[in-house]
$ cat protein-v3.txt   # compact mmCIF, C-alpha atoms
# COMPACT_ATOMS: atom_id res chain seq x y z
CA MET A 28 46.09 33.00 -1.13
CA ILE A 29 47.50 33.28 2.40
CA VAL A 30 47.43 30.10 4.52
CA THR A 31 48.24 30.34 8.23
CA LEU A 32 49.30 27.33 10.27
CA ILE A 33 48.74 26.64 13.97
CA THR A 34 49.82 23.15 15.10
CA ASP A 35 51.21 21.08 17.95
CA TRP A 36 53.76 19.55 15.56
CA HIS A 37 56.75 21.64 16.69
CA ARG A 38 59.68 21.89 14.25
CA SER A 39 61.77 18.82 15.04
CA ASP A 40 59.59 16.33 13.13
CA TYR A 41 58.92 15.98 9.42
CA TYR A 42 55.19 16.83 9.56
CA LEU A 43 55.55 20.53 8.82
CA GLY A 44 57.91 19.87 5.93
CA CYS A 45 55.47 17.42 4.38
CA LEU A 46 52.55 19.80 4.76
CA LYS A 47 54.35 22.85 3.38
CA GLY A 48 55.92 20.92 0.52
CA SER A 49 52.56 19.45 -0.49
CA LEU A 50 50.93 22.87 -0.34
CA LEU A 51 53.56 24.51 -2.54
CA ALA A 52 53.63 21.60 -5.00
CA ALA A 53 49.87 21.83 -5.51
CA PHE A 54 49.54 25.63 -5.24
CA PRO A 55 52.89 27.36 -5.97
CA ASN A 56 51.47 30.84 -5.31
CA VAL A 57 50.24 30.07 -1.80
CA GLN A 58 51.82 32.26 0.89
CA ILE A 59 52.37 30.21 4.05
CA VAL A 60 52.51 31.97 7.43
CA ASP A 61 53.63 30.09 10.54
CA VAL A 62 51.63 31.40 13.48
CA ASN A 63 52.50 28.87 16.19
CA HIS A 64 53.76 25.28 16.19
CA ASN A 65 54.33 24.97 19.93
CA ILE A 66 50.75 24.31 21.01
CA SER A 67 50.60 21.84 23.90
CA ALA A 68 49.98 18.35 22.53
CA PHE A 69 46.32 17.78 21.62
CA ASN A 70 45.28 21.09 23.22
CA SER A 71 42.89 22.46 20.61
CA ALA A 72 41.50 24.96 23.15
CA GLU A 73 44.93 26.61 23.31
CA ALA A 74 45.07 26.71 19.50
CA ALA A 75 41.59 28.26 19.44
CA PHE A 76 42.68 30.91 21.95
CA ILE A 77 45.57 31.97 19.71
CA LEU A 78 43.65 31.85 16.45
CA GLN A 79 40.76 33.88 17.86
CA ARG A 80 43.20 36.71 18.54
CA VAL A 81 45.29 36.37 15.39
CA TYR A 82 42.91 35.88 12.48
CA PRO A 83 41.37 39.41 12.49
CA CYS A 84 44.86 40.80 11.80
CA PHE A 85 45.06 39.00 8.43
CA PRO A 86 43.47 40.10 5.15
CA ALA A 87 40.00 38.91 4.24
CA GLY A 88 40.09 35.64 2.32
CA THR A 89 42.92 34.14 4.38
CA LEU A 90 42.67 30.41 5.15
CA HIS A 91 43.59 29.41 8.71
CA PHE A 92 44.54 25.80 9.48
CA ILE A 93 44.44 24.22 12.96
CA GLY A 94 46.67 21.16 12.99
CA VAL A 95 45.76 19.93 16.47
CA ASN A 96 43.70 16.75 16.81
CA SER A 97 43.61 16.89 13.02
CA GLU A 98 43.25 13.16 12.34
CA PRO A 99 39.56 12.42 11.61
CA GLU A 100 37.72 9.93 13.83
CA PRO A 101 34.29 8.30 13.48
CA THR A 102 32.82 10.91 15.84
CA GLN A 103 34.99 13.83 14.73
CA SER A 104 35.55 15.23 11.25
CA LEU A 105 37.70 17.92 9.71
CA VAL A 106 35.61 20.88 8.58
CA LEU A 107 35.98 23.86 6.30
CA LEU A 108 34.05 26.91 7.35
CA LYS A 109 33.68 30.56 6.44
CA ALA A 110 33.24 33.32 9.02
CA ALA A 111 34.07 37.03 9.16
CA ASP A 112 35.31 36.89 5.52
CA HIS A 113 37.96 34.30 6.47
CA TYR A 114 38.20 30.54 5.91
CA PHE A 115 39.09 27.97 8.54
CA VAL A 116 40.06 24.29 8.44
CA GLY A 117 40.35 22.16 11.54
CA PRO A 118 38.83 19.45 13.68
CA ASP A 119 35.19 19.62 14.66
CA ASP A 120 36.10 18.99 18.30
CA GLY A 121 34.63 22.15 19.82
CA CYS A 122 37.55 24.47 19.04
CA PHE A 123 35.54 26.56 16.58
CA SER A 124 32.76 27.11 19.11
CA LEU A 125 35.42 28.78 21.26
CA ILE A 126 36.71 30.95 18.42
CA PHE A 127 33.26 32.07 17.25
CA GLN A 128 31.50 32.68 20.54
CA HIS A 129 30.32 36.08 19.32
CA THR A 130 30.81 35.75 15.54
CA PRO A 131 28.32 34.03 13.22
CA VAL A 132 29.56 31.19 11.01
CA ASP A 133 28.35 31.73 7.44
CA ALA A 134 28.86 28.19 6.14
CA CYS A 135 30.42 24.93 7.29
CA LEU A 136 31.30 21.84 5.25
CA VAL A 137 32.53 18.45 6.47
CA LEU A 138 35.58 17.57 4.39
CA PRO A 139 35.38 14.09 2.81
CA LEU A 140 37.70 11.36 4.01
CA GLU A 141 40.28 9.94 1.65
CA PRO A 142 39.32 6.55 0.17
CA GLU A 143 42.66 5.11 1.26
CA PRO A 144 43.37 5.18 5.01
CA SER A 145 46.15 7.54 6.06
CA THR A 146 47.83 8.50 9.31
CA PHE A 147 48.41 12.03 8.02
CA SER A 148 45.11 13.05 6.47
CA ALA A 149 45.62 16.74 7.24
CA ILE A 150 47.47 17.17 3.93
CA PRO A 151 44.75 15.97 1.51
CA SER A 152 42.07 17.68 3.62
CA LEU A 153 43.83 21.04 3.49
CA LEU A 154 44.50 20.68 -0.25
CA LYS A 155 40.82 19.86 -0.81
CA ALA A 156 39.77 22.93 1.20
CA ILE A 157 42.00 25.22 -0.87
CA GLN A 158 40.65 23.74 -4.08
CA ILE A 159 37.08 24.39 -2.92
CA ILE A 160 37.90 28.03 -2.14
CA ILE A 161 39.79 28.64 -5.38
CA SER A 162 37.01 27.12 -7.46
CA GLY A 163 34.51 29.56 -6.01
CA TYR A 164 33.59 27.59 -2.87
CA ALA A 165 30.33 26.38 -4.47
CA GLU A 166 30.54 23.24 -2.31
CA LEU A 167 30.77 25.40 0.81
CA VAL A 168 27.91 27.77 0.08
CA GLY A 169 24.65 26.61 1.57
CA ASN A 170 26.21 24.02 3.83
CA ALA A 171 25.29 24.41 7.48
CA HIS A 172 26.93 21.56 9.36
CA GLN A 173 26.24 21.98 13.08
CA LEU A 174 29.56 22.46 14.83
CA GLN A 175 30.27 20.67 18.07
CA LYS A 176 30.29 22.90 21.13
CA SER A 177 32.91 22.97 23.84
CA TRP A 178 32.21 24.12 27.36
CA LEU A 179 35.68 23.31 28.65
CA SER A 180 37.11 26.78 28.19
CA LEU A 181 34.01 28.87 28.83
CA PRO A 182 33.71 30.50 32.26
CA GLY A 183 30.86 29.75 34.62
CA TYR A 184 29.15 32.51 36.53
CA ASP A 185 26.25 33.58 38.70
CA ASN A 186 25.16 36.93 40.13
CA ASN A 187 28.04 37.09 42.60
CA SER A 188 30.98 35.23 41.08
CA ILE A 189 32.80 34.24 37.89
CA ASN A 190 34.76 31.00 37.66
CA GLY A 191 37.25 30.72 34.81
CA GLN A 192 40.58 29.10 34.11
CA VAL A 193 44.03 29.70 32.66
CA VAL A 194 43.89 28.95 28.92
CA TYR A 195 47.25 30.29 27.73
CA ILE A 196 50.69 31.20 29.11
CA ASP A 197 52.85 33.36 26.87
CA SER A 198 56.64 33.35 26.56
CA TYR A 199 56.94 36.06 29.25
CA GLY A 200 55.09 33.93 31.77
CA ASN A 201 52.00 36.13 31.61
CA ILE A 202 48.84 34.19 32.35
CA HIS A 203 45.76 34.56 30.14
CA SER A 204 42.33 33.57 31.38
CA ASN A 205 39.07 32.89 29.55
CA ILE A 206 37.22 35.70 31.38
CA ASP A 207 36.44 38.62 29.08
CA LYS A 208 35.66 42.21 29.93
CA GLU A 209 32.09 42.05 28.67
CA LEU A 210 31.23 39.29 31.15
CA PHE A 211 33.11 41.00 33.99
CA ASP A 212 31.32 44.33 33.46
CA ARG A 213 27.94 42.62 33.17
CA ILE A 214 28.30 40.76 36.48
CA CYS A 215 30.32 43.35 38.38
CA CYS A 216 27.89 46.30 38.21
CA LYS A 217 30.57 48.53 39.81
CA ARG A 218 30.82 46.36 42.93
CA GLN A 219 34.04 45.65 44.84
CA TYR A 220 35.65 42.34 44.03
CA GLU A 221 38.43 39.92 44.87
CA ILE A 222 40.27 38.01 42.15
CA ILE A 223 41.84 34.72 43.21
CA LEU A 224 44.36 33.09 40.87
CA SER A 225 45.10 29.37 41.24
CA THR A 226 45.43 29.35 45.02
CA PRO A 227 43.96 31.42 47.88
CA PHE A 228 47.37 33.04 48.29
CA VAL A 229 47.30 34.96 44.97
CA LYS A 230 44.67 37.66 45.40
CA ILE A 231 44.13 40.95 43.57
CA HIS A 232 41.61 43.66 44.40
CA ALA A 233 42.11 46.05 41.48
CA ILE A 234 42.43 45.77 37.71
CA SER A 235 45.21 47.82 36.12
CA GLU A 236 45.24 49.61 32.79
CA HIS A 237 48.94 49.04 32.02
CA TYR A 238 51.78 46.77 33.12
CA ASN A 239 53.84 49.67 34.52
CA GLU A 240 51.18 50.78 36.98
CA VAL A 241 52.88 48.61 39.61
CA ARG A 242 56.48 48.39 40.73
CA SER A 243 58.92 45.83 39.38
CA ASN A 244 58.11 42.24 40.45
CA GLU A 245 54.65 43.22 41.71
CA LEU A 246 51.58 41.25 40.69
CA LEU A 247 48.87 42.80 38.53
CA CYS A 248 45.98 41.90 36.29
CA LEU A 249 44.46 43.77 33.37
CA PHE A 250 42.19 43.30 30.40
CA ASN A 251 44.56 42.85 27.48
CA SER A 252 44.17 44.08 23.91
CA ALA A 253 41.98 41.06 23.10
CA GLY A 254 39.64 41.94 25.98
CA TYR A 255 40.51 39.01 28.27
CA LEU A 256 41.71 39.07 31.87
CA GLU A 257 45.47 38.59 32.02
CA PHE A 258 47.78 38.23 35.01
CA ALA A 259 51.44 39.26 35.13
CA ARG A 260 54.30 40.08 37.43
CA ASN A 261 55.93 43.29 36.20
CA ASN A 262 59.37 42.48 34.73
CA ASP A 263 59.15 38.88 35.93
CA ASN A 264 57.74 35.48 34.94
CA LEU A 265 54.53 34.98 36.91
CA ALA A 266 53.80 31.43 35.76
CA ARG A 267 57.24 30.24 36.83
CA SER A 268 57.40 32.16 40.11
CA GLU A 269 54.00 30.89 41.26
CA GLY A 270 54.09 27.47 39.59
CA ILE A 271 50.86 28.11 37.68
CA GLY A 272 49.97 26.05 34.62
CA LEU A 273 47.24 25.64 32.04
CA GLY A 274 43.83 24.88 33.49
CA ALA A 275 44.53 26.56 36.84
CA PRO A 276 41.35 28.10 38.28
CA VAL A 277 40.60 31.82 38.22
CA ARG A 278 37.80 33.03 40.50
CA ILE A 279 36.27 36.49 40.87
CA LYS A 280 34.15 37.06 43.98
CA PHE A 281 32.00 40.17 44.16
CA LEU A 282 31.93 41.34 47.75
CA ASN A 283 28.53 43.00 47.81
CA LYS A 284 25.58 40.83 47.01
CA TYR A 285 23.82 41.58 43.76
CA THR A 286 20.31 42.97 44.23
$ encode --input "protein-v3.txt" --output "C-alpha cells"
Amino acid sequence: MIVTLITDWHRSDYYLGCLKGSLLAAFPNVQIVDVNHNISAFNSAEAAFILQRVYPCFPAGTLHFIGVNSEPEPTQSLVLLKAADHYFVGPDDGCFSLIFQHTPVDACLVLPLEPEPSTFSAIPSLLKAIQIIISGYAELVGNAHQLQKSWLSLPGYDNNSINGQVVYIDSYGNIHSNIDKELFDRICCKRQYEIILSTPFVKIHAISEHYNEVRSNELLCLFNSAGYLEFARNNDNLARSEGIGLGAPVRIKFLNKYT
C-alpha cells in the first residue's frame, strides 16, 4: 500500500520520524511518499489545496494522510473516508469539503479515540485506518458520517463579480487563487472583465494561456493545469515583489452588466 503524507510538521522535529517508524514497524511493506511537510501551521485549507491536485496522480487504493490539525477535539474527529477509489485520513475540520467539492464521497468513518489520552494521536489513528483498509474495509462500508463544511476557501459571486482569495503560494512566488475556470466561464458569459489582485494597483484585463506570453518581469494570470486562476510575474517572484500573502483578496469585476 502507498501512504502519502501532507503535514505542517516540517522536518526539524521528531514527529515525522515517529510516524514513519510506527508505520513501517506495523506494516513493513507500506510505501511512504512525502508530498509536503511545509504547510503553514494549522492551515488545513492549504493542505486541502495541495492534496486536491496531487491525489489523482497516484494509483487507485492509495491512502492520503493530512497531518494538519490532526489532534482530535470534542467537536472535531479524525475520519477515514473513501472517494474516487482513494482513501483519506485527516481532521473533520472542513478540509475534505474543499477537496471534494465536485467529487462524491463513497463512505466516511469517524476513527475511534484511543482509551489512553495522547498528545500525538495521529499515529494510532493512521495505523487503525490502514488496518481497516487491509482487512477489507468492512468497518468503512456503509458508514456515512456527515463531513463538516468549510466556506473559508470557497469564492463568493453574483451575476457581475467573483470574490476569491489567495490559497497557496508556490516556491516560485506564483500565487494560486480559489477561483476555478468553471465558475469564471459561468459568470463571465464572454464579457470584458477586470481582475484585481490584493490591492487596486494590481490589475489585469486578460487571461493568458502560457507564462511566456508576456515579457520577462511582466505580470500575468492564467488558469493552471488544475483549472484554478493563478498569478505570476514571468521569471520573477510575484508574491515577494508585491508583498502578497495567503488570504489576500482576488476580485473579478465584469464590466458589462449581466442581462
$ residues_around --input "protein-v3.txt" --residues "region 254-265 of chain A" --least-positions-apart "5" --cutoff "9 Å" --atoms "only C-alpha atoms" --output "list in words"
Ser198, Tyr199, Gly200, Asn201, Ile202, His203, Ser204, Asn205, Ile206, Asp207, Lys208, Glu209, Leu224, Ile234, Tyr238, Asn239, Glu240, Val241, Arg242, Ser243, Asn244, Glu245, Leu246, Leu247, Cys248, Leu249, Gly270 and Ile271 of chain A
$ closest_residue --input "protein-v3.txt" --among "A:Val30, A:Ile214, A:Ala53, A:Ala134" --to "His91 (chain A)" --atoms "all atoms listed in the file"
A:Val30
$ closest_residue --input "protein-v3.txt" --among "A:His64, A:His37, A:Lys155, A:Lys284" --to "Arg218 (chain A)" --atoms "all atoms listed in the file"
A:Lys284
$ atom_distance --input "protein-v3.txt" --atom1 "CA of Asn190 (chain A)" --atom2 "CA of Lys280 (chain A)"
8.8 Å
$ closest_residue --input "protein-v3.txt" --among "A:Val60, A:Ala149, A:Cys45, A:Leu154" --to "Thr31 (chain A)" --atoms "all atoms listed in the file"
A:Val60
$ closest_residue --input "protein-v3.txt" --among "A:Lys47, A:Ala253, A:Leu153, A:Leu107" --to "Val81 (chain A)" --atoms "only C-alpha atoms"
A:Ala253
$ residues_around --input "protein-v3.txt" --residues "Tyr114 (chain A)" --least-positions-apart "6" --cutoff "10 Å" --atoms "all atoms listed in the file" --output "ChimeraX atom specification"
/A:30,82,87-92,107-108,134-135,156-157,160
$ atom_distance --input "protein-v3.txt" --atom1 "CA of Cys122 (chain A)" --atom2 "CA of Val95 (chain A)"
9.7 Å
$ residues_around --input "protein-v3.txt" --residues "Ala275 (chain A)" --least-positions-apart "5" --cutoff "8 Å" --atoms "all atoms listed in the file" --output "PyMOL selection string"
chain A and resi 192-193+224-225
$ atom_distance --input "protein-v3.txt" --atom1 "CA of Ser188 (chain A)" --atom2 "CA of Phe211 (chain A)"
9.4 Å
$ residues_near_point --input "protein-v3.txt" --point "(43.4, 31.2, 19.2)" --cutoff "12 Å" --atoms "all atoms listed in the file" --output "VMD selection string"
chain A and resid 32 to 34 62 to 63 66 70 to 83 91 to 93 95 115 122 to 127 180 194 to 195 203 205 253
$ residues_around --input "protein-v3.txt" --residues "Ile189 (chain A)" --least-positions-apart "4" --cutoff "10 Å" --atoms "only C-alpha atoms" --output "PyMOL selection string"
chain A and resi 182-185+206+210-211+214-215+222+277-281
$ closest_residue --input "protein-v3.txt" --among "A:Ala111, A:Leu273, A:Ala233, A:Leu138" --to "Gly191 (chain A)" --atoms "all atoms listed in the file"
A:Leu273
$ closest_residue --input "protein-v3.txt" --among "A:Ile231, A:Ala68, A:Ile29, A:Val137" --to "Asn56 (chain A)" --atoms "all atoms listed in the file"
A:Ile29
$ residues_around --input "protein-v3.txt" --residues "Val132 (chain A)" --least-positions-apart "2" --cutoff "7 Å" --atoms "all atoms listed in the file" --output "count of residues only"
4
